[in-house]
Protein chains: 2
Amino acid sequence: MTELGSEVIVPHGVLERFCSAALSSRGVREDVREHVVRSLTETSLRGVDSHGLELLPHYVRALDSGRINPVPAYRFDETSPSTARLDADHTFGHAAGAEAMSRAVDLARASGTGAVAVFNSTHFGAAAYFAFIAARANMIGMSFTHADSLMLSYGGSRPFFGTNPICFAAPIEGEDPFCLDMATTRVSWNKVRRHREAGLRLPPGWACDDRGEPTSEPASAAALLPIGDYKGFGLAMIVEILCSLLTGAPNGRDILRMYADPIDQKRYLGHFFIAIDVARFEDVAIFKRRLRALIDAVRSEPPKSGDTPVMVPGDPEKRKLSRRLLEGIPISRAIFEEYRAIGGAIGFAWSGIA
Amino acid sequence: MTELGSEVIVPHGVLERFCSAALSSRGVREDVREHVVRSLTETSLRGVDSHGLELLPHYVRALDSGRINPVPAYRFDETSPSTARLDADHTFGHAAGAEAMSRAVDLARASGTGAVAVFNSTHFGAAAYFAFIAARANMIGMSFTHADSLMLSYGGSRPFFGTNPICFAAPIEGEDPFCLDMATTRVSWNKVRRHREAGLRLPPGWACDDRGEPTSEPASAAALLPIGDYKGFGLAMIVEILCSLLTGAPNGRDILRMYADPIDQKRYLGHFFIAIDVARFEDVAIFKRRLRALIDAVRSEPPKSGDTPVMVPGDPEKRKLSRRLLEGIPISRAIFEEYRAIGGAIGFAWSGIA
């Protein structure tokens, strides 16, 4: 463990053990815990800090307050050879989502495709974690979740939908799966917040003020702008239809904020997962070779600027992953102080390194 | 039929009869013809002229040249309870796509979801036509097609993927289905061309020159920009994976251009269709009421500008549809001259109105 300015660099194995110990101390059942720990660690290793281990202190508070159920009684309802509904009983979305996607994969193995809707859930972290489950089973995986209201409505003056992400993964020959995991807003709220903290102005297209007018002033940012105007707004609405209307979850401005204070209320979130068995369309080895060739072709395209190659979605995360596996994961000093407080109270030993 | 400057306004019924007669004269089989006529007319009525009746002269040339097969031998291969592949035998994508989506709906009715991949196809017109088939059967419908290379690669200096559209439809209580049908580029090439013809500069974010640099000069536009930078690029890649890699269709820069000259070569296009049976997740009436309520809520959001209400995807098309059903469809003078030439050669009577 090394300190680097305002960050502490910690080996991922240490963080994994800490995360597991923290959740254990709150009585999180082993099967649930494993998914949360794996999702948070994998997500931080891939460089997506906003959806990774940074969130642990928040989740611990949500466990302590009773929002997140550490010992869920899952209720699966298999409604056809390719569809199911899952009542997540207010446990971690990471775990409920993984159970749902695993079920979608089973359905797809038996019937070609699988689609599973989840309700009574909580924040599920990074959507990629679930799509990877399908891709590693040689399937195409898609995962969706709605989120609390933050995206300016097209033509409107305030937010209605959330950053509602879309995620798609598929297996490649000789490489970790292809994965696109994107919010339907131009950037996340985190990026706006970091610009505010750093005293930087916002690039155009990121945010608007409380009358819906574009702003470059972080202090007056009230909502995020969708990608492609009505297109990103429409994509967010699709995600809302899949996650809320198929399940009866609240939608739009009725979704409880993640950081609402106090955090003792349940959020009743919905997610949606699709698995498509590649083998029902094409020999899996051929498909994986084709995706390999497509990715190689895109990466070989002439770049606009000599020193930055053309990349496919997921490439920046793969680079981060290689580096962070070797070098460790940077944790902000502020978050690490929270870790220390949690660890101190449960007697966690930081392997003598801090 | 009235003339209005450079446009001729024609009742949709007349255009429908003309379109049908033109296709009949080229030996297009009745089942194929019906889908093409319905798709082109419905699309023009919805105001999406670039994918509607405007294309008829092009299609007639593609029939005459042998690119499009008027009498296909469809070969369906049902590979699981929820999946199928369709060899379209180089007929109209409008017809092959409709057959594929109808099969997806049948599979979903029996098994919960249906996914059908189409290959050996041609241009399929508006993606909405197929998604509507599912939505009218009380299902969620999604349709995808790849297209010839036109979108600047993220970080690249030239196009690789096409405008690869994403389409999603769902049934609403008391109103035509919800439908988002969007290219993954900011605008279509048509819009750039029209700006060029009108001598207007291009708004930022639309196009780039042949070195990948943004341009507002229509004459130097060489490629279209994706929505949300890497996000639109990633979405286009997803569509390519579904349409090309699951089917063996060519991809990226290998796809033959729609307007390649001569147009006698086959295009070997791929499409992908998904139907999800709403009833397997929720009572259909409840789902439709929820979507009704969601849409009402969005439309009631405070607008940014007093005279333009907040709309949901598909609203502009619904307004156009109501008007054009009553007033007729505007056809440019240039296209109408082509209609007259085609009509003249087959003895089509313009109902005594021109």
# chains A, B, ... in the order shown; residues from 1 in each chain; ligands from 1
call {"tool": "interface_residues", "arguments": {"of": "chain B", "to": "chain A", "cutoff": "7 Å", "atoms": "only C-alpha atoms", "output": "NGL selection string"}}
result
:B and (79-83 or 85 or 111-113 or 154-157 or 180 or 182 or 186 or 211-212 or 227-228 or 231 or 234 or 245-247 or 280-282 or 287 or 290-291 or 301-304 or 309-310 or 313)
call {"tool": "write_last_selection", "arguments": {"atoms": "N, CA and C atoms", "output": "tab-separated table (two decimals), in the first residue's frame"}}
result
chain	number	residue	atom	x	y	z
B	79	THR	N	-34.13	-22.58	-34.78
B	79	THR	CA	-33.00	-23.21	-34.12
B	79	THR	C	-33.23	-23.48	-32.64
B	80	SER	N	-34.33	-23.02	-32.11
B	80	SER	CA	-34.69	-23.27	-30.70
B	80	SER	C	-36.12	-22.77	-30.52
B	81	PRO	N	-36.71	-23.01	-29.33
B	81	PRO	CA	-38.09	-22.53	-29.12
B	81	PRO	C	-38.24	-21.01	-29.23
B	82	SER	N	-37.12	-20.26	-29.20
B	82	SER	CA	-37.27	-18.80	-29.25
B	82	SER	C	-36.38	-18.14	-30.30
B	83	THR	N	-35.71	-18.92	-31.13
B	83	THR	CA	-34.79	-18.31	-32.11
B	83	THR	C	-34.98	-18.89	-33.51
B	85	ARG	N	-33.39	-18.29	-37.86
B	85	ARG	CA	-32.60	-17.59	-38.87
B	85	ARG	C	-33.43	-17.57	-40.15
B	111	SER	N	-43.14	-19.03	-26.48
B	111	SER	CA	-42.01	-19.27	-25.58
B	111	SER	C	-41.60	-18.06	-24.75
B	112	GLY	N	-42.29	-16.93	-24.87
B	112	GLY	CA	-41.96	-15.77	-24.05
B	112	GLY	C	-41.19	-14.69	-24.80
B	113	THR	N	-40.15	-15.10	-25.52
B	113	THR	CA	-39.40	-14.14	-26.33
B	113	THR	C	-39.10	-14.78	-27.68
B	154	TYR	N	-14.70	6.49	-33.61
B	154	TYR	CA	-14.27	7.31	-32.48
B	154	TYR	C	-12.74	7.27	-32.40
B	155	GLY	N	-12.12	8.43	-32.52
B	155	GLY	CA	-10.66	8.50	-32.54
B	155	GLY	C	-10.07	8.24	-33.91
B	156	GLY	N	-10.93	7.98	-34.90
B	156	GLY	CA	-10.44	7.67	-36.23
B	156	GLY	C	-10.56	8.85	-37.18
B	157	SER	N	-10.13	8.62	-38.41
B	157	SER	CA	-10.13	9.71	-39.40
B	157	SER	C	-11.06	9.41	-40.56
B	180	LEU	N	-39.42	4.48	-30.75
B	180	LEU	CA	-38.17	5.22	-30.95
B	180	LEU	C	-37.45	4.53	-32.10
B	182	MET	N	-34.12	5.36	-34.33
B	182	MET	CA	-33.04	6.35	-34.42
B	182	MET	C	-31.76	5.78	-35.01
B	186	ARG	N	-25.67	11.42	-35.41
B	186	ARG	CA	-26.44	12.58	-34.98
B	186	ARG	C	-27.57	12.88	-35.96
B	211	ARG	N	-10.48	14.10	-43.04
B	211	ARG	CA	-9.42	13.80	-42.07
B	211	ARG	C	-10.02	13.55	-40.68
B	212	GLY	N	-11.35	13.53	-40.63
B	212	GLY	CA	-12.00	13.27	-39.35
B	212	GLY	C	-12.20	14.51	-38.51
B	227	ILE	N	-23.70	9.92	-32.17
B	227	ILE	CA	-24.21	10.60	-30.98
B	227	ILE	C	-23.30	10.25	-29.80
B	228	GLY	N	-23.04	11.24	-28.95
B	228	GLY	CA	-22.29	10.98	-27.72
B	228	GLY	C	-20.92	10.37	-27.92
B	231	LYS	N	-20.03	6.65	-27.44
B	231	LYS	CA	-21.26	5.92	-27.10
B	231	LYS	C	-22.04	5.54	-28.36
B	234	GLY	N	-20.16	2.96	-30.16
B	234	GLY	CA	-20.36	1.65	-29.52
B	234	GLY	C	-21.72	1.06	-29.85
B	245	LEU	N	-22.37	-10.42	-37.39
B	245	LEU	CA	-21.56	-11.51	-36.85
B	245	LEU	C	-22.40	-12.73	-36.51
B	246	LEU	N	-23.67	-12.53	-36.19
B	246	LEU	CA	-24.54	-13.68	-35.93
B	246	LEU	C	-24.99	-14.33	-37.25
B	247	THR	N	-24.80	-13.64	-38.36
B	247	THR	CA	-25.35	-14.14	-39.62
B	247	THR	C	-24.29	-14.43	-40.69
B	280	ARG	N	-45.90	-12.02	-20.35
B	280	ARG	CA	-45.12	-12.92	-19.49
B	280	ARG	C	-44.52	-12.18	-18.30
B	281	PHE	N	-44.65	-10.85	-18.31
B	281	PHE	CA	-44.10	-10.06	-17.21
B	281	PHE	C	-45.20	-9.34	-16.42
B	282	GLU	N	-46.25	-8.97	-17.13
B	282	GLU	CA	-47.28	-8.14	-16.50
B	282	GLU	C	-48.56	-8.28	-17.31
B	287	PHE	N	-49.81	-2.97	-18.14
B	287	PHE	CA	-48.62	-2.41	-18.79
B	287	PHE	C	-49.00	-1.24	-19.69
B	290	ARG	N	-49.83	1.76	-17.71
B	290	ARG	CA	-48.61	2.37	-17.14
B	290	ARG	C	-47.87	3.19	-18.19
B	291	LEU	N	-47.80	2.69	-19.42
B	291	LEU	CA	-47.08	3.43	-20.46
B	291	LEU	C	-47.87	4.69	-20.82
B	301	GLU	N	-44.50	17.61	-18.53
B	301	GLU	CA	-43.34	18.25	-17.91
B	301	GLU	C	-43.26	19.71	-18.38
B	302	PRO	N	-42.77	20.60	-17.48
B	302	PRO	CA	-42.67	22.02	-17.88
B	302	PRO	C	-41.68	22.18	-19.04
B	303	PRO	N	-42.13	22.78	-20.15
B	303	PRO	CA	-41.24	22.93	-21.30
B	303	PRO	C	-40.22	24.04	-21.07
B	304	LYS	N	-39.12	23.97	-21.82
B	304	LYS	CA	-38.10	25.01	-21.71
B	304	LYS	C	-38.60	26.28	-22.37
B	309	PRO	N	-44.22	21.98	-26.44
B	309	PRO	CA	-44.39	21.05	-25.32
B	309	PRO	C	-43.29	19.98	-25.33
B	310	VAL	N	-43.06	19.38	-24.19
B	310	VAL	CA	-42.16	18.23	-24.12
B	310	VAL	C	-42.85	17.06	-24.84
B	313	PRO	N	-40.51	10.23	-27.86
B	313	PRO	CA	-40.16	9.76	-29.20
B	313	PRO	C	-41.41	9.26	-29.94
call {"tool": "residues_around", "arguments": {"residues": "Phe273 of chain A", "least_positions_apart": "2", "cutoff": "9 Å", "atoms": "only C-alpha atoms", "output": "ChimeraX atom specification"}}
result
/A:97,100-101,104,114-118,130-131,141-145,271,275
call {"tool": "write_last_selection", "arguments": {"atoms": "C-alpha atoms", "output": "compact mmCIF listing (two decimals), in the first residue's frame"}}
result
# COMPACT_ATOMS: atom_id res chain seq x y z
CA GLY A 97 -28.80 -8.98 -10.91
CA ALA A 100 -31.22 -12.91 -12.69
CA MET A 101 -28.63 -12.97 -15.45
CA ALA A 104 -31.43 -15.76 -18.17
CA GLY A 114 -33.69 -15.58 -21.80
CA ALA A 115 -35.19 -12.36 -20.44
CA VAL A 116 -35.49 -11.70 -16.71
CA ALA A 117 -37.07 -8.67 -15.03
CA VAL A 118 -36.06 -7.82 -11.46
CA PHE A 130 -24.02 -8.90 -15.44
CA ALA A 131 -23.44 -8.71 -19.18
CA GLY A 141 -25.69 -10.33 -22.67
CA MET A 142 -27.60 -7.09 -22.18
CA SER A 143 -28.32 -5.40 -18.88
CA PHE A 144 -30.37 -2.35 -18.03
CA THR A 145 -31.32 -0.44 -14.91
CA HIS A 271 -33.56 -4.06 -13.74
CA ALA A 275 -29.21 -13.41 -22.76
call {"tool": "select_by_dssp", "arguments": {"residues": "segment 85-192 of chain A", "states": "helix (DSSP H, G or I)", "output": "PyMOL selection string"}}
result
chain A and resi 93-111+128-136+189-192
call {"tool": "atom_distance", "arguments": {"atom1": "atom CA of Ala88 of chain A", "atom2": "atom CA of Ile255 of chain A"}}
result
16.7 Å
call {"tool": "select_by_dssp", "arguments": {"residues": "segment 23-83 of chain B", "states": "strand (DSSP E or B)", "output": "JSON, numbers by chain"}}
result
{"B": [75, 76, 77, 78, 79, 80, 83]}
call {"tool": "write_last_selection", "arguments": {"atoms": "N, CA and C atoms", "output": "short mmCIF file (atom, residue, chain, number, x, y, z; two decimals), in the first residue's frame"}}
result
data_model
loop_
_atom_site.label_atom_id
_atom_site.label_comp_id
_atom_site.auth_asym_id
_atom_site.auth_seq_id
_atom_site.Cartn_x
_atom_site.Cartn_y
_atom_site.Cartn_z
N ARG B 75 -36.11 -19.12 -46.58
CA ARG B 75 -35.77 -20.33 -45.84
C ARG B 75 -35.60 -20.02 -44.36
N PHE B 76 -36.60 -20.42 -43.58
CA PHE B 76 -36.54 -20.24 -42.13
C PHE B 76 -35.88 -21.46 -41.51
N ASP B 77 -35.05 -21.21 -40.54
CA ASP B 77 -34.42 -22.29 -39.80
C ASP B 77 -34.71 -22.00 -38.33
N GLU B 78 -35.63 -22.76 -37.75
CA GLU B 78 -35.98 -22.52 -36.35
C GLU B 78 -35.00 -23.28 -35.48
N THR B 79 -34.13 -22.58 -34.78
CA THR B 79 -33.00 -23.21 -34.12
C THR B 79 -33.23 -23.48 -32.64
N SER B 80 -34.33 -23.02 -32.11
CA SER B 80 -34.69 -23.27 -30.70
C SER B 80 -36.12 -22.77 -30.52
N THR B 83 -35.71 -18.92 -31.13
CA THR B 83 -34.79 -18.31 -32.11
C THR B 83 -34.98 -18.89 -33.51
#
call {"tool": "residues_around", "arguments": {"residues": "Ala334 of chain B", "least_positions_apart": "2", "cutoff": "10 Å", "atoms": "only C-alpha atoms", "output": "NGL selection string"}}
result
:B and (6-8 or 54 or 331-332 or 336-339)
call {"tool": "write_last_selection", "arguments": {"atoms": "N, CA and C atoms", "output": "PDB file, in the first residue's frame"}}
result
ATOM      1  N   SER B   6     -42.032  23.432 -55.156  1.00  0.00           N
ATOM      2  CA  SER B   6     -41.275  22.338 -55.763  1.00  0.00           C
ATOM      3  C   SER B   6     -41.819  20.973 -55.354  1.00  0.00           C
ATOM      4  N   GLU B   7     -43.003  20.992 -54.700  1.00  0.00           N
ATOM      5  CA  GLU B   7     -43.576  19.716 -54.264  1.00  0.00           C
ATOM      6  C   GLU B   7     -44.951  19.477 -54.861  1.00  0.00           C
ATOM      7  N   VAL B   8     -45.300  18.210 -54.966  1.00  0.00           N
ATOM      8  CA  VAL B   8     -46.637  17.813 -55.391  1.00  0.00           C
ATOM      9  C   VAL B   8     -47.250  17.078 -54.201  1.00  0.00           C
ATOM     10  N   GLU B  54     -40.218   8.041 -51.335  1.00  0.00           N
ATOM     11  CA  GLU B  54     -39.124   8.651 -52.088  1.00  0.00           C
ATOM     12  C   GLU B  54     -38.201   7.598 -52.710  1.00  0.00           C
ATOM     13  N   ILE B 331     -44.513  15.122 -52.320  1.00  0.00           N
ATOM     14  CA  ILE B 331     -43.478  14.427 -53.094  1.00  0.00           C
ATOM     15  C   ILE B 331     -42.711  15.504 -53.859  1.00  0.00           C
ATOM     16  N   SER B 332     -41.389  15.423 -53.807  1.00  0.00           N
ATOM     17  CA  SER B 332     -40.632  16.462 -54.501  1.00  0.00           C
ATOM     18  C   SER B 332     -40.898  16.340 -56.005  1.00  0.00           C
ATOM     19  N   PHE B 336     -41.353  13.115 -58.342  1.00  0.00           N
ATOM     20  CA  PHE B 336     -42.630  12.916 -59.026  1.00  0.00           C
ATOM     21  C   PHE B 336     -42.441  12.738 -60.535  1.00  0.00           C
ATOM     22  N   GLU B 337     -41.438  13.416 -61.073  1.00  0.00           N
ATOM     23  CA  GLU B 337     -41.147  13.209 -62.504  1.00  0.00           C
ATOM     24  C   GLU B 337     -40.722  11.759 -62.748  1.00  0.00           C
ATOM     25  N   GLU B 338     -39.969  11.211 -61.807  1.00  0.00           N
ATOM     26  CA  GLU B 338     -39.583   9.798 -61.942  1.00  0.00           C
ATOM     27  C   GLU B 338     -40.821   8.896 -61.856  1.00  0.00           C
ATOM     28  N   TYR B 339     -41.727   9.249 -60.927  1.00  0.00           N
ATOM     29  CA  TYR B 339     -42.987   8.498 -60.817  1.00  0.00           C
ATOM     30  C   TYR B 339     -43.722   8.502 -62.150  1.00  0.00           C
TER      31      TYR B 339
END
call {"tool": "residues_around", "arguments": {"residues": "Arg324 of chain B", "least_positions_apart": "2", "cutoff": "9 Å", "atoms": "only C-alpha atoms", "output": "PyMOL selection string"}}
result
chain B and resi 11-12+44-47+319-322+326-330
call {"tool": "residues_around", "arguments": {"residues": "Gly347 of chain A", "least_positions_apart": "4", "cutoff": "12 Å", "atoms": "only C-alpha atoms", "output": "ChimeraX atom specification"}}
result
/A:18,21-22,25,339-343,351
call {"tool": "write_last_selection", "arguments": {"atoms": "C-alpha atoms", "output": "PDB file, in the first residue's frame"}}
result
ATOM      1  CA  PHE A  18     -11.694  -5.742   3.484  1.00  0.00           C
ATOM      2  CA  ALA A  21     -15.094  -8.495   6.060  1.00  0.00           C
ATOM      3  CA  ALA A  22     -17.139  -5.296   6.128  1.00  0.00           C
ATOM      4  CA  SER A  25     -19.814  -7.841   9.834  1.00  0.00           C
ATOM      5  CA  TYR A 339     -12.521   2.391   5.207  1.00  0.00           C
ATOM      6  CA  ARG A 340     -10.286   2.801   8.246  1.00  0.00           C
ATOM      7  CA  ALA A 341     -13.220   3.699  10.454  1.00  0.00           C
ATOM      8  CA  ILE A 342     -15.243   0.701   9.240  1.00  0.00           C
ATOM      9  CA  GLY A 343     -12.190  -1.584   9.492  1.00  0.00           C
ATOM     10  CA  SER A 351      -2.037  -6.821   6.496  1.00  0.00           C
TER      11      SER A 351
END
call {"tool": "decode", "arguments": {"residues": "segment 67-103 of chain B", "atoms": "N, CA and C atoms", "output": "CSV table (one decimal), in the first residue's frame"}}
result
chain,number,residue,atom,x,y,z
B,67,ARG,N,-30.7,-6.7,-58.6
B,67,ARG,CA,-30.2,-6.8,-57.2
B,67,ARG,C,-31.3,-7.3,-56.3
B,68,ILE,N,-32.5,-6.8,-56.4
B,68,ILE,CA,-33.6,-7.3,-55.5
B,68,ILE,C,-34.4,-8.4,-56.2
B,69,ASN,N,-34.6,-9.5,-55.5
B,69,ASN,CA,-35.3,-10.6,-56.0
B,69,ASN,C,-36.8,-10.5,-55.7
B,70,PRO,N,-37.7,-10.4,-56.8
B,70,PRO,CA,-39.1,-10.2,-56.6
B,70,PRO,C,-39.9,-11.4,-56.1
B,71,VAL,N,-39.3,-12.6,-56.3
B,71,VAL,CA,-40.0,-13.8,-55.9
B,71,VAL,C,-39.1,-14.7,-55.1
B,72,PRO,N,-38.9,-14.3,-53.8
B,72,PRO,CA,-37.9,-15.0,-53.0
B,72,PRO,C,-38.4,-16.4,-52.5
B,73,ALA,N,-37.5,-17.3,-52.3
B,73,ALA,CA,-37.8,-18.5,-51.6
B,73,ALA,C,-37.2,-18.4,-50.2
B,74,TYR,N,-38.1,-17.9,-49.3
B,74,TYR,CA,-37.6,-17.8,-47.9
B,74,TYR,C,-37.2,-19.1,-47.3
B,75,ARG,N,-36.1,-19.1,-46.6
B,75,ARG,CA,-35.8,-20.3,-45.8
B,75,ARG,C,-35.6,-20.0,-44.4
B,76,PHE,N,-36.6,-20.4,-43.6
B,76,PHE,CA,-36.5,-20.2,-42.1
B,76,PHE,C,-35.9,-21.5,-41.5
B,77,ASP,N,-35.0,-21.2,-40.5
B,77,ASP,CA,-34.4,-22.3,-39.8
B,77,ASP,C,-34.7,-22.0,-38.3
B,78,GLU,N,-35.6,-22.8,-37.7
B,78,GLU,CA,-36.0,-22.5,-36.3
B,78,GLU,C,-35.0,-23.3,-35.5
B,79,THR,N,-34.1,-22.6,-34.8
B,79,THR,CA,-33.0,-23.2,-34.1
B,79,THR,C,-33.2,-23.5,-32.6
B,80,SER,N,-34.3,-23.0,-32.1
B,80,SER,CA,-34.7,-23.3,-30.7
B,80,SER,C,-36.1,-22.8,-30.5
B,81,PRO,N,-36.7,-23.0,-29.3
B,81,PRO,CA,-38.1,-22.5,-29.1
B,81,PRO,C,-38.2,-21.0,-29.2
B,82,SER,N,-37.1,-20.3,-29.2
B,82,SER,CA,-37.3,-18.8,-29.2
B,82,SER,C,-36.4,-18.1,-30.3
B,83,THR,N,-35.7,-18.9,-31.1
B,83,THR,CA,-34.8,-18.3,-32.1
B,83,THR,C,-35.0,-18.9,-33.5
B,84,ALA,N,-34.7,-18.1,-34.5
B,84,ALA,CA,-34.7,-18.5,-35.9
B,84,ALA,C,-33.8,-17.7,-36.7
B,85,ARG,N,-33.4,-18.3,-37.9
B,85,ARG,CA,-32.6,-17.6,-38.9
B,85,ARG,C,-33.4,-17.6,-40.1
B,86,LEU,N,-33.3,-16.5,-40.9
B,86,LEU,CA,-34.1,-16.4,-42.1
B,86,LEU,C,-33.1,-16.0,-43.3
B,87,ASP,N,-33.0,-16.9,-44.3
B,87,ASP,CA,-32.3,-16.5,-45.5
B,87,ASP,C,-33.4,-15.8,-46.4
B,88,ALA,N,-33.1,-14.5,-46.6
B,88,ALA,CA,-34.1,-13.7,-47.3
B,88,ALA,C,-34.1,-13.8,-48.8
B,89,ASP,N,-33.1,-14.5,-49.3
B,89,ASP,CA,-33.0,-14.8,-50.8
B,89,ASP,C,-33.0,-13.5,-51.6
B,90,HIS,N,-32.4,-12.4,-51.0
B,90,HIS,CA,-32.2,-11.2,-51.7
B,90,HIS,C,-33.5,-10.4,-52.1
B,91,THR,N,-34.5,-10.7,-51.4
B,91,THR,CA,-35.8,-9.9,-51.7
B,91,THR,C,-35.7,-8.6,-50.9
B,92,PHE,N,-36.8,-7.8,-51.0
B,92,PHE,CA,-36.9,-6.6,-50.2
B,92,PHE,C,-36.8,-6.8,-48.7
B,93,GLY,N,-35.9,-6.0,-48.1
B,93,GLY,CA,-35.8,-6.1,-46.6
B,93,GLY,C,-37.1,-5.8,-45.9
B,94,HIS,N,-37.9,-5.0,-46.5
B,94,HIS,CA,-39.2,-4.7,-45.9
B,94,HIS,C,-40.0,-6.0,-45.7
B,95,ALA,N,-40.0,-6.8,-46.7
B,95,ALA,CA,-40.8,-8.0,-46.7
B,95,ALA,C,-40.1,-9.1,-45.8
B,96,ALA,N,-38.8,-9.3,-46.0
B,96,ALA,CA,-38.1,-10.3,-45.2
B,96,ALA,C,-38.2,-9.9,-43.8
B,97,GLY,N,-38.0,-8.6,-43.5
B,97,GLY,CA,-38.0,-8.2,-42.1
B,97,GLY,C,-39.4,-8.4,-41.4
B,98,ALA,N,-40.4,-8.2,-42.2
B,98,ALA,CA,-41.8,-8.4,-41.7
B,98,ALA,C,-42.0,-9.9,-41.4
B,99,GLU,N,-41.6,-10.7,-42.3
B,99,GLU,CA,-41.7,-12.2,-42.1
B,99,GLU,C,-40.9,-12.6,-40.8
B,100,ALA,N,-39.7,-12.0,-40.7
B,100,ALA,CA,-38.9,-12.3,-39.5
B,100,ALA,C,-39.5,-11.9,-38.2
B,101,MET,N,-40.0,-10.6,-38.2
B,101,MET,CA,-40.6,-10.1,-37.0
B,101,MET,C,-41.9,-10.9,-36.7
B,102,SER,N,-42.7,-11.3,-37.7
B,102,SER,CA,-43.9,-12.0,-37.4
B,102,SER,C,-43.5,-13.4,-36.8
B,103,ARG,N,-42.4,-14.0,-37.3
B,103,ARG,CA,-42.0,-15.2,-36.7
B,103,ARG,C,-41.5,-15.0,-35.3
